[in-house]
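Enquirer: Contents of data.cif (mmCIF, C-alpha atoms) are below:
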```cif
data_structure
loop_
_atom_site.label_atom_id
_atom_site.label_comp_id
_atom_site.auth_asym_id
_atom_site.auth_seq_id
_atom_site.Cartn_x
_atom_site.Cartn_y
_atom_site.Cartn_z
CA MET A 134 187.84 75.83 158.64
CA PHE A 135 187.29 79.36 157.33
CA ALA A 136 188.93 78.46 154.03
CA SER A 137 186.65 75.42 153.67
CA ILE A 138 183.55 77.52 154.34
CA MET A 139 184.62 80.15 151.79
CA ALA A 140 185.42 77.43 149.24
CA ILE A 141 181.95 75.93 149.60
CA ILE A 142 180.21 79.32 149.42
CA VAL A 143 182.08 80.48 146.30
CA SER A 144 181.82 77.13 144.57
CA ALA A 145 178.11 76.56 145.26
CA ALA A 146 176.91 80.06 144.46
CA LEU A 147 179.27 81.25 141.72
CA SER A 148 181.86 78.98 140.13
CA ASN A 149 179.60 75.90 140.01
CA ASN A 150 176.38 77.87 139.76
CA PHE A 151 173.46 75.44 139.51
CA VAL A 152 171.82 77.12 136.52
CA PHE A 153 174.68 78.49 134.44
CA SER A 154 177.44 75.94 134.86
CA GLN A 155 175.73 72.71 135.94
CA THR A 156 172.37 73.32 134.18
CA TYR A 157 170.12 72.10 137.00
CA GLY A 158 166.67 73.60 137.48
CA ILE A 159 166.25 75.04 133.99
CA CYS A 160 162.46 74.51 133.87
CA PRO A 161 161.62 76.98 136.67
CA PHE A 162 164.48 79.20 135.45
CA LEU A 163 162.74 79.58 132.08
CA GLY A 164 159.16 79.35 133.34
CA VAL A 165 159.06 81.63 136.39
CA SER A 166 161.62 84.29 135.44
CA LYS A 167 159.24 86.71 133.72
CA LYS A 168 158.99 89.07 136.71
CA THR A 169 161.60 89.92 139.33
CA SER A 170 159.15 89.51 142.23
CA SER A 171 158.10 86.00 141.18
CA ALA A 172 161.73 85.05 140.47
CA LEU A 173 162.67 86.08 144.03
CA GLY A 174 159.72 84.15 145.49
CA MET A 175 160.59 80.99 143.58
CA GLY A 176 164.28 81.30 144.45
CA ALA A 177 163.55 81.71 148.17
CA ALA A 178 161.14 78.76 148.17
CA VAL A 179 163.68 76.52 146.38
CA THR A 180 166.47 77.55 148.79
CA VAL A 181 164.36 76.66 151.84
CA VAL A 182 163.31 73.30 150.39
CA MET A 183 166.88 72.47 149.37
CA ALA A 184 168.28 73.22 152.84
CA VAL A 185 165.58 71.24 154.67
CA ALA A 186 165.76 68.36 152.18
CA THR A 187 169.52 68.06 152.73
CA MET A 188 169.05 68.10 156.51
CA ILE A 189 166.61 65.18 156.23
CA THR A 190 168.23 63.11 153.47
CA TYR A 191 171.70 63.22 155.08
CA PRO A 192 170.82 60.97 158.07
CA ILE A 193 168.42 58.93 155.89
CA TYR A 194 171.28 58.18 153.52
CA LEU A 195 173.45 56.98 156.40
CA LEU A 196 170.58 54.72 157.48
CA LEU A 197 170.16 53.29 153.94
CA ASN A 198 173.88 52.69 153.77
CA ALA A 199 173.91 50.92 157.14
CA LEU A 200 171.05 48.65 156.03
CA GLU A 201 172.80 48.06 152.67
CA ILE A 202 169.79 49.16 150.61
CA ARG A 203 171.47 52.08 148.87
CA PHE A 204 169.75 51.25 145.57
CA LEU A 205 166.46 52.52 147.05
CA GLU A 206 168.01 56.01 147.28
CA ILE A 207 166.13 57.55 144.34
CA LEU A 208 162.71 56.32 145.51
CA VAL A 209 163.29 57.41 149.11
CA PHE A 210 164.69 60.84 148.20
CA ILE A 211 161.93 61.79 145.78
CA PHE A 212 159.33 60.74 148.35
CA ILE A 213 160.97 62.79 151.07
CA ILE A 214 161.08 65.83 148.78
CA ALA A 215 157.43 65.44 147.73
CA ALA A 216 156.28 65.03 151.35
CA LEU A 217 158.47 67.90 152.49
CA VAL A 218 157.07 70.29 149.90
CA GLN A 219 153.51 69.39 150.96
CA MET A 220 154.43 69.87 154.63
CA ILE A 221 156.13 73.23 154.11
CA GLU A 222 153.10 74.39 152.13
CA LYS A 223 150.77 73.45 155.02
CA ILE A 224 153.03 75.07 157.65
CA ILE A 225 153.36 78.33 155.72
CA LYS A 226 149.61 78.41 155.08
CA LYS A 227 148.93 78.00 158.81
CA PHE A 228 151.46 80.46 160.23
CA SER A 229 151.92 83.14 157.58
CA PRO A 230 149.04 83.58 155.12
CA SER A 231 150.73 86.60 153.54
CA LEU A 232 153.90 84.60 152.79
CA TYR A 233 151.69 81.79 151.50
CA LYS A 234 150.03 84.20 149.09
CA ALA A 235 153.44 85.28 147.78
CA MET A 236 155.09 81.84 147.65
CA GLY A 237 152.17 79.42 147.57
CA ILE A 238 151.84 78.98 143.83
CA TYR A 239 155.52 78.09 143.39
CA LEU A 240 155.66 75.43 146.10
CA PRO A 241 153.90 72.54 144.26
CA LEU A 242 156.24 73.11 141.29
CA ILE A 243 159.32 72.48 143.43
CA THR A 244 158.71 68.72 143.68
CA THR A 245 159.65 68.32 140.03
CA ASN A 246 162.48 70.85 140.17
CA CYS A 247 165.59 68.85 139.46
CA ALA A 248 167.80 71.22 141.49
CA VAL A 249 166.37 69.85 144.75
CA LEU A 250 166.93 66.19 143.90
CA ALA A 251 170.32 67.14 142.44
CA VAL A 252 171.55 68.68 145.70
CA CYS A 253 170.48 65.55 147.62
CA GLU A 254 172.26 63.33 145.07
CA ILE A 255 175.42 65.47 145.18
CA THR A 256 175.62 65.25 148.98
CA SER A 257 174.89 61.51 149.00
CA ASN A 258 177.51 60.89 146.30
CA ALA A 259 180.00 63.00 148.26
CA LEU A 260 179.24 60.89 151.34
CA ALA A 261 179.68 57.65 149.41
CA SER A 262 182.98 58.58 147.78
CA GLY A 263 184.36 60.85 150.54
CA THR A 264 185.07 63.79 148.17
CA TRP A 265 182.87 66.46 146.68
CA GLU A 266 181.83 66.21 143.03
CA PRO A 267 182.69 69.77 141.81
CA ALA A 268 186.49 69.74 141.53
CA VAL A 269 186.84 73.17 143.15
CA ILE A 270 185.92 71.88 146.59
CA ALA A 271 187.26 68.34 146.22
CA GLY A 272 189.63 68.80 149.16
CA VAL A 273 186.94 69.95 151.59
CA GLU A 274 185.88 67.37 154.17
CA MET A 275 182.29 66.09 154.15
CA ASN A 276 180.06 66.58 157.17
CA PHE A 277 176.51 67.57 158.04
CA GLY A 278 177.21 71.29 158.50
CA PHE A 279 179.06 71.61 155.18
CA ALA A 280 176.32 69.68 153.35
CA VAL A 281 173.63 72.08 154.60
CA LEU A 282 175.86 75.09 153.86
CA TYR A 283 176.35 73.79 150.30
CA ALA A 284 172.59 73.37 149.86
CA ILE A 285 171.84 76.89 151.14
CA PHE A 286 174.40 78.55 148.86
CA ALA A 287 173.46 76.42 145.86
CA GLY A 288 169.94 77.79 146.44
CA ALA A 289 171.36 81.30 146.72
CA GLY A 290 173.15 80.81 143.39
CA PHE A 291 169.88 79.62 141.83
CA THR A 292 168.07 82.70 143.20
CA LEU A 293 170.84 84.95 141.85
CA ALA A 294 170.48 83.40 138.40
CA MET A 295 166.68 83.78 138.47
CA VAL A 296 166.86 87.44 139.52
CA ILE A 297 169.47 88.39 136.89
CA MET A 298 167.45 86.63 134.19
CA SER A 299 164.13 88.20 135.23
CA GLY A 300 165.66 91.66 135.08
CA MET A 301 166.84 91.06 131.54
CA ARG A 302 163.58 89.46 130.43
CA GLU A 303 161.56 92.46 131.55
CA ARG A 304 163.56 94.48 129.02
CA ILE A 305 163.55 91.81 126.30
CA ASN A 306 159.75 91.81 126.34
CA ASN A 307 159.79 95.37 124.96
CA LEU A 308 161.92 94.45 121.95
CA ASN A 309 160.67 93.92 118.43
CA LEU A 310 161.87 90.41 117.54
CA PRO A 311 161.28 88.03 114.62
CA LYS A 312 158.42 85.65 115.45
CA ALA A 313 160.59 82.52 115.56
CA LEU A 314 162.93 84.07 118.16
CA GLN A 315 160.21 85.20 120.56
CA GLY A 316 159.80 83.44 123.90
CA PHE A 317 162.17 80.58 124.72
CA PRO A 318 164.83 80.99 121.98
CA ILE A 319 165.80 84.57 122.85
CA THR A 320 165.73 83.66 126.56
CA MET A 321 168.16 80.79 125.91
CA VAL A 322 170.54 83.00 123.96
CA THR A 323 170.44 85.63 126.73
CA ALA A 324 171.11 82.90 129.29
CA ALA A 325 174.12 81.81 127.21
CA LEU A 326 175.59 85.32 127.45
CA ILE A 327 175.17 85.30 131.25
CA ALA A 328 176.63 81.77 131.38
CA MET A 329 179.72 83.07 129.57
CA ALA A 330 180.12 85.70 132.29
CA PHE A 331 179.69 83.01 134.96
CA TYR A 332 182.33 80.87 133.22
CA VAL A 333 184.91 83.36 134.47
CA PHE A 334 184.06 82.42 138.08
CA SER A 335 185.19 78.86 137.40
CA MET A 336 188.75 80.21 137.15
CA ILE A 337 188.66 81.08 140.86
CA LYS A 338 190.84 78.73 142.85
CA VAL A 339 189.84 78.46 146.48
CA GLY A 340 191.85 75.68 148.00
CA ALA A 341 190.97 74.42 151.46
CA MET B 227 142.00 53.06 113.69
CA LYS B 228 145.45 52.88 112.14
CA ASN B 229 145.24 56.58 111.38
CA LYS B 230 144.85 57.37 115.10
CA TYR B 231 148.10 55.60 115.95
CA SER B 232 150.07 57.31 113.19
CA LYS B 233 148.68 60.69 114.28
CA THR B 234 149.79 60.05 117.88
CA PHE B 235 153.18 58.95 116.61
CA LEU B 236 153.73 62.01 114.38
CA ASP B 237 152.50 64.31 117.17
CA GLY B 238 155.13 62.91 119.53
CA VAL B 239 158.01 62.97 117.07
CA ILE B 240 157.39 66.22 115.17
CA PHE B 241 154.31 68.36 115.83
CA ASN B 242 154.51 68.23 119.64
CA ASN B 243 158.22 67.38 119.85
CA PRO B 244 158.97 67.52 123.61
CA THR B 245 162.32 69.27 123.16
CA PHE B 246 161.69 71.81 120.40
CA MET B 247 157.95 72.53 120.50
CA LEU B 248 157.08 72.05 124.19
CA VAL B 249 160.54 72.86 125.66
CA LEU B 250 160.32 70.16 128.36
CA GLY B 251 163.14 68.16 129.92
CA THR B 252 165.59 71.01 129.37
CA CYS B 253 168.12 70.11 132.10
CA PRO B 254 169.36 66.83 130.55
CA THR B 255 169.12 68.40 127.08
CA LEU B 256 171.58 71.13 128.05
CA ALA B 257 173.85 68.98 130.20
CA MET B 258 174.17 65.78 128.15
CA THR B 259 174.67 67.12 124.61
CA ALA B 260 178.40 67.95 124.79
CA LYS B 261 179.07 64.49 123.30
CA THR B 262 176.78 62.82 120.76
CA MET B 263 177.19 59.38 122.36
CA ASP B 264 176.09 60.66 125.79
CA ALA B 265 173.14 62.45 124.18
CA PHE B 266 172.10 59.23 122.42
CA GLY B 267 172.45 57.24 125.68
CA MET B 268 170.35 59.78 127.57
CA GLY B 269 167.69 59.71 124.82
CA ILE B 270 167.45 55.91 124.87
CA SER B 271 167.28 55.89 128.69
CA VAL B 272 164.37 58.34 128.63
CA LEU B 273 162.74 56.33 125.80
CA PHE B 274 162.87 53.19 127.99
CA VAL B 275 161.51 54.87 131.14
CA LEU B 276 158.86 56.83 129.23
CA THR B 277 157.51 53.81 127.32
CA PHE B 278 157.24 51.54 130.35
CA SER B 279 155.88 54.27 132.65
CA ASN B 280 153.21 55.07 130.05
CA ILE B 281 152.29 51.35 129.73
CA ILE B 282 152.16 50.77 133.50
CA ILE B 283 150.30 53.99 134.31
CA SER B 284 147.70 53.53 131.58
CA SER B 285 147.05 49.93 132.62
CA LEU B 286 146.56 51.11 136.23
CA ARG B 287 144.57 54.23 135.30
CA LYS B 288 141.25 52.86 136.65
CA VAL B 289 142.84 51.62 139.90
CA ILE B 290 144.78 54.76 140.92
CA PRO B 291 142.54 57.20 142.86
CA ASN B 292 142.51 60.67 141.35
CA SER B 293 143.62 62.47 144.53
CA VAL B 294 146.92 60.55 144.92
CA ARG B 295 147.73 60.13 141.23
CA ILE B 296 150.90 62.29 141.19
CA PRO B 297 152.66 60.38 144.03
CA ALA B 298 151.58 57.10 142.37
CA PHE B 299 153.08 58.21 139.03
CA ILE B 300 156.30 59.25 140.76
CA VAL B 301 156.63 55.82 142.45
CA VAL B 302 156.27 54.07 139.07
CA ILE B 303 158.81 56.39 137.41
CA ALA B 304 161.30 56.21 140.31
CA THR B 305 161.14 52.40 140.30
CA LEU B 306 161.85 52.28 136.56
CA VAL B 307 164.76 54.69 136.95
CA THR B 308 166.18 52.54 139.76
CA ILE B 309 166.00 49.47 137.47
CA LEU B 310 167.70 51.45 134.70
CA LYS B 311 170.41 52.67 137.09
CA LEU B 312 171.22 49.14 138.28
CA PHE B 313 171.24 47.86 134.67
CA LEU B 314 173.57 50.60 133.37
CA ASN B 315 175.87 50.26 136.38
CA LYS B 316 176.32 46.55 135.62
CA TYR B 317 176.37 46.42 131.80
CA ILE B 318 177.30 49.88 130.41
CA PRO B 319 179.56 51.43 133.11
CA ASP B 320 180.95 54.04 130.65
CA LEU B 321 177.55 55.59 130.08
CA TYR B 322 176.73 55.25 133.80
CA GLY B 323 179.86 57.25 134.61
CA SER B 324 179.29 60.00 132.07
CA MET B 325 175.62 60.47 133.02
CA GLY B 326 176.51 61.03 136.69
CA THR B 327 173.78 62.82 138.64
CA PHE B 328 171.62 63.19 135.54
CA LEU B 329 170.68 59.49 135.66
CA PRO B 330 168.70 59.74 138.94
CA LEU B 331 167.37 63.09 137.70
CA ILE B 332 165.37 61.28 134.97
CA VAL B 333 162.79 60.85 137.78
CA VAL B 334 162.00 64.57 137.71
CA ASN B 335 162.19 64.89 133.90
CA CYS B 336 159.03 66.85 133.05
CA ILE B 337 158.47 64.92 129.79
CA ILE B 338 157.78 61.65 131.64
CA LEU B 339 155.49 63.07 134.31
CA GLY B 340 153.87 65.31 131.68
CA ARG B 341 153.00 62.39 129.35
CA ALA B 342 151.76 60.33 132.33
CA GLU B 343 149.47 63.15 133.44
CA ALA B 344 148.33 64.39 130.03
CA PHE B 345 148.15 61.17 128.03
CA ALA B 346 148.67 57.82 129.78
CA SER B 347 146.13 58.49 132.55
CA LYS B 348 143.38 59.03 129.95
CA ASN B 349 144.14 56.63 127.07
CA THR B 350 144.33 52.90 126.33
CA VAL B 351 147.48 50.86 126.93
CA MET B 352 148.30 50.52 123.21
CA MET B 353 147.85 54.23 122.51
CA SER B 354 149.98 55.12 125.55
CA ALA B 355 152.73 52.76 124.45
CA VAL B 356 152.78 54.38 120.99
CA ASP B 357 152.79 57.83 122.60
CA GLY B 358 155.68 56.87 124.90
CA ILE B 359 157.78 55.47 122.05
CA ALA B 360 157.01 58.49 119.83
CA ASN B 361 157.93 61.04 122.48
CA GLY B 362 161.04 59.06 123.38
CA ILE B 363 162.13 59.00 119.72
CA GLY B 364 161.37 62.73 119.38
CA PHE B 365 163.51 63.44 122.46
CA THR B 366 166.35 61.16 121.29
CA LEU B 367 166.41 62.69 117.79
CA ALA B 368 166.48 66.21 119.23
CA LEU B 369 169.32 65.31 121.60
CA VAL B 370 171.34 63.63 118.84
CA VAL B 371 170.93 66.68 116.55
CA LEU B 372 172.02 69.08 119.32
CA GLY B 373 174.82 66.72 120.38
CA SER B 374 176.11 66.44 116.80
CA VAL B 375 176.24 70.21 116.35
CA ARG B 376 177.99 70.72 119.69
CA GLU B 377 180.47 67.87 119.32
CA ILE B 378 181.41 68.66 115.69
CA LEU B 379 181.94 72.37 116.44
CA GLY B 380 183.27 72.01 119.97
CA ALA B 381 185.50 68.94 119.74
CA GLY B 382 185.90 68.32 115.98
CA ALA B 383 184.46 64.82 116.37
CA TRP B 384 181.22 62.91 115.88
CA PHE B 385 180.17 59.94 118.06
CA GLY B 386 183.74 59.99 119.38
CA LEU B 387 185.32 59.71 115.88
CA LYS B 388 187.85 62.45 115.20
CA LEU B 389 187.01 64.50 112.09
CA TRP B 390 189.49 67.37 112.08
CA ASP B 391 191.70 69.43 114.42
CA PHE B 392 189.68 72.64 114.15
CA THR B 393 187.67 73.18 117.34
CA ILE B 394 185.68 75.97 119.00
CA PRO B 395 185.78 75.01 122.71
CA PHE B 396 182.93 77.48 123.44
CA PHE B 397 180.43 74.90 122.14
CA SER B 398 181.55 72.31 124.70
CA GLN B 399 180.77 74.74 127.55
CA PRO B 400 177.32 75.13 129.16
CA ALA B 401 177.11 78.57 127.47
CA GLY B 402 177.42 76.88 124.08
CA ALA B 403 174.60 74.51 125.04
CA PHE B 404 172.28 77.47 125.71
CA VAL B 405 173.12 79.11 122.35
CA VAL B 406 172.76 75.93 120.27
CA TYR B 407 169.51 74.92 121.99
CA GLY B 408 167.98 78.41 121.68
CA LEU B 409 168.84 78.77 118.00
CA ALA B 410 167.67 75.19 117.29
CA ILE B 411 164.25 75.96 118.78
CA ALA B 412 164.04 79.14 116.69
CA LEU B 413 164.98 77.24 113.50
CA PHE B 414 162.51 74.43 114.22
CA VAL B 415 159.65 76.86 114.90
CA TYR B 416 160.52 78.81 111.73
CA ILE B 417 160.52 75.65 109.55
CA MET B 418 157.23 74.43 111.06
CA ASP B 419 155.61 77.83 110.50
CA THR B 420 156.81 78.01 106.89
CA VAL B 421 155.60 74.48 106.08
CA GLN B 422 152.20 75.08 107.69
CA ARG B 423 151.80 78.41 105.89
CA SER B 424 152.62 76.87 102.50
CA ILE B 425 150.11 74.06 103.13
CA ARG B 426 147.45 76.64 104.05
CA ILE B 427 148.17 78.71 100.91
CA LYS B 428 147.92 75.57 98.75
CA LYS B 429 144.55 74.71 100.31
CA THR B 430 143.08 78.19 99.84
CA LYS B 431 144.28 78.20 96.23
CA GLU B 432 142.57 74.86 95.59
CA ILE B 433 139.35 76.08 97.16
CA SER B 434 139.36 79.29 95.12
CA LYS B 435 140.09 77.27 91.98
CA GLN B 436 137.11 75.04 92.65
CA ASN B 437 134.94 78.07 93.33
CA LEU B 438 136.04 79.57 90.00
CA LEU B 439 135.31 76.32 88.16
CA GLY B 440 131.91 76.22 89.85
CA GLU B 441 131.13 79.75 88.71
CA VAL B 442 132.17 78.97 85.14
CA ALA B 443 130.01 75.85 85.11
#
```
Represent the structure contained in this file as structure tokens.
Expert:
Amino acid sequence: MFASIMAIIVSAALSNNFVFSQTYGICPFLGVSKKTSSALGMGAAVTVVMAVATMITYPIYLLLNALEIRFLEILVFIFIIAALVQMIEKIIKKFSPSLYKAMGIYLPLITTNCAVLAVCEITSNALASGTWEPAVIAGVEMNFGFAVLYAIFAGAGFTLAMVIMSGMRERINNLNLPKALQGFPITMVTAALIAMAFYVFSMIKVGA
Amino acid sequence: MKNKYSKTFLDGVIFNNPTFMLVLGTCPTLAMTAKTMDAFGMGISVLFVLTFSNIIISSLRKVIPNSVRIPAFIVVIATLVTILKLFLNKYIPDLYGSMGTFLPLIVVNCIILGRAEAFASKNTVMMSAVDGIANGIGFTLALVVLGSVREILGAGAWFGLKLWDFTIPFFSQPAGAFVVYGLAIALFVYIMDTVQRSIRIKKTKEISKQNLLGEVA
């Protein structure tokens, strides 16, 4: 049990990091990582949406499977995510205006963040085939608790990537670069260097 | 009239290339370019979804109410992706297997929603179809170029054909994808800037020549 939990945490956050080793969610990673505060806000918002989306899509997937209409998966999932993002926005606005001010502008962007749909697809594929997609945690059993844990720590890994990148970008902005390298290109090359560091984590073997 | 279509086409393929100039749809670009064949398959898949979503959305642009347009666009795109998924699963299972989770993720590809919002919801069906095909070709070309560089350097092969034994495995890793993509954008921007500057210099020279001739006359 403990070994399984550790395997999922390490795999989701570090060795199969969503940004650096699976390349999900690159658009917000490049777009919203200019300041550390906004990177943290976006990361937290994505983590919350990912966890709640997994909680909802898990039973929905079982329902689709029971009715034998699995091919509607994509349509149903994207609708759930879009509705969920709208709902969370309304709830936060009602109960915590200060949090809404900090997170509000990032919430509408999350609908088209592929990391959220990806985590739903990964859990539904794991349910269909009985084993997890990333090889590191292939032996871990699949149940509701582990699916939500995976979603939360995948979000944590995304937040980690955003925060590291924003810290570096704040320094890159002060450099004197050739015009063609400014903006996205230098950010990509920096991300490649961090991805090389993250590649080392994929050597970790955590067997369950 | 013809000029308008060719301008839209060139905008999509070169001047507003979705991958190099606008930097949209980055997730599949980074994930699917380790092999040229996968990159080509991904490009064609996006070309299909983009063209038909542009055609459907622009023909429905007067029916869809403005306040619910984004959910309506997403339904159209998700339906097309579902059709594509069923088709690939039945007829090209190899590509279906290698695309994995990135096939359903075409739904949230920013290029498709971006073109629907910025172009198809405001223009005629014909123009939108041309725009969809142009952007799809621009995306496919970009992916094939990146895929070729990564496969030749990383695996010593091209479209699965073995060229030589010398390989640099770094380029097959996600880190290699970031480097190749970043440098490709820089190179593309540099070439575009140089070309545009030389055109501008030519024009100013012509104008000054004419002015001189005018003064002499």
Enquirer: Find, counting only C-alpha atoms, the residue in B:Thr393, B:Thr277, B:Ser374, B:Thr259 that gets nearest to Ser324 of chain B.
Expert: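 Nearest to Ser324 of chain B: B:Thr259.
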Enquirer: Find the residues in chain A near chain B: any atom within 6 Å counts, using only C-alpha atoms. Write them as a VMD selection string.
Expert: chain A and resid 154 156 to 157 159 208 245 247 313 to 314 318 321 to 322 325 328 to 329
Enquirer: Applied to the shown file, which residues does the PyMOL selection byres ((chain A and resi 253-265) around 10) return, written as a ChimeraX atom specification?
Expert: /A:141,183-184,186-195,198,203,206-207,210-211,214,248-252,266-277,279-281,283-284 /B:326-328,330-331
Enquirer: Just how far from atom CA of Arg287 of chain B is atom CA of Asn349 of chain B, in Å to one decimal?
Expert: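 These two atoms are separated by 8.6 Å.
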Enquirer: Name the residues that the PyMOL selection byres ((chain A and resi 221-233) around 12) picks from the file above, as a compact mmCIF listing (two decimals) with C-alpha atoms, in the coordinates of the input, using the file's chain letters and numbers.
Expert:
```
# COMPACT_ATOMS: atom_id res chain seq x y z
CA GLY A 174 159.72 84.15 145.49
CA MET A 175 160.59 80.99 143.58
CA ALA A 177 163.55 81.71 148.17
CA ALA A 178 161.14 78.76 148.17
CA VAL A 179 163.68 76.52 146.38
CA VAL A 181 164.36 76.66 151.84
CA VAL A 182 163.31 73.30 150.39
CA MET A 183 166.88 72.47 149.37
CA VAL A 185 165.58 71.24 154.67
CA ALA A 186 165.76 68.36 152.18
CA ILE A 213 160.97 62.79 151.07
CA ILE A 214 161.08 65.83 148.78
CA ALA A 215 157.43 65.44 147.73
CA ALA A 216 156.28 65.03 151.35
CA LEU A 217 158.47 67.90 152.49
CA VAL A 218 157.07 70.29 149.90
CA GLN A 219 153.51 69.39 150.96
CA MET A 220 154.43 69.87 154.63
CA LYS A 234 150.03 84.20 149.09
CA ALA A 235 153.44 85.28 147.78
CA MET A 236 155.09 81.84 147.65
CA GLY A 237 152.17 79.42 147.57
CA ILE A 238 151.84 78.98 143.83
CA TYR A 239 155.52 78.09 143.39
CA LEU A 240 155.66 75.43 146.10
CA PRO A 241 153.90 72.54 144.26
CA LEU A 242 156.24 73.11 141.29
CA ILE A 243 159.32 72.48 143.43
CA THR A 244 158.71 68.72 143.68
```
Enquirer: Using Å and a single decimal, report how far atom CA of Arg423 of chain B sits from atom CA of Lys435 of chain B.
Expert: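 Here the two named atoms are 18.2 Å from each other.
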Enquirer: Enter the distance from atom CA of Val239 of chain B to atom CA of Ile338 of chain B, in Å, rounded to one decimal.
Expert: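 Atom-to-atom, atom CA of Val239 of chain B and atom CA of Ile338 of chain B are spaced 14.6 Å apart.
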Enquirer: Go through B:Leu439, B:Val375, B:Val272, B:Val356 one by one, measure the shortest atom-to-atom distance of each to Leu310 of chain B using all atoms listed in the file, and give the residue with the smallest value.
Expert: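 Smallest distance to Leu310 of chain B is found for B:Val272.
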Enquirer: Would you write out, as number ranges by chain, every residue that the PyMOL selection byres ((chain A and resi 306) around 12) captures in this file?
Expert: A: 166-168, 299-305, 307-310, 314-317, 319-320
Enquirer: Env of Asn280 of chain B: 9 Å cut, atoms = only C-alpha atoms, seq-sep filter 3 positions within chain, self excluded. Answer as a PyMOL selection string.
Expert: chain B and resi 275-277+283-285+338+341-342+345-347+351+354-355+357-358
Enquirer: Just to be explicit: take each residue in the selection above, keep C-alpha atoms, and write the result as a JSON list (two decimals), in the coordinates of the input.
Expert:
```json
[["chain", "number", "residue", "atom", "x", "y", "z"],
["B", 275, "VAL", "CA", 161.51, 54.87, 131.14],
["B", 276, "LEU", "CA", 158.86, 56.83, 129.23],
["B", 277, "THR", "CA", 157.51, 53.81, 127.32],
["B", 283, "ILE", "CA", 150.30, 53.99, 134.31],
["B", 284, "SER", "CA", 147.70, 53.53, 131.58],
["B", 285, "SER", "CA", 147.05, 49.93, 132.62],
["B", 338, "ILE", "CA", 157.78, 61.65, 131.64],
["B", 341, "ARG", "CA", 153.00, 62.39, 129.35],
["B", 342, "ALA", "CA", 151.76, 60.33, 132.33],
["B", 345, "PHE", "CA", 148.15, 61.17, 128.03],
["B", 346, "ALA", "CA", 148.67, 57.82, 129.78],
["B", 347, "SER", "CA", 146.13, 58.49, 132.55],
["B", 351, "VAL", "CA", 147.48, 50.86, 126.93],
["B", 354, "SER", "CA", 149.98, 55.12, 125.55],
["B", 355, "ALA", "CA", 152.73, 52.76, 124.45],
["B", 357, "ASP", "CA", 152.79, 57.83, 122.60],
["B", 358, "GLY", "CA", 155.68, 56.87, 124.90]]
```
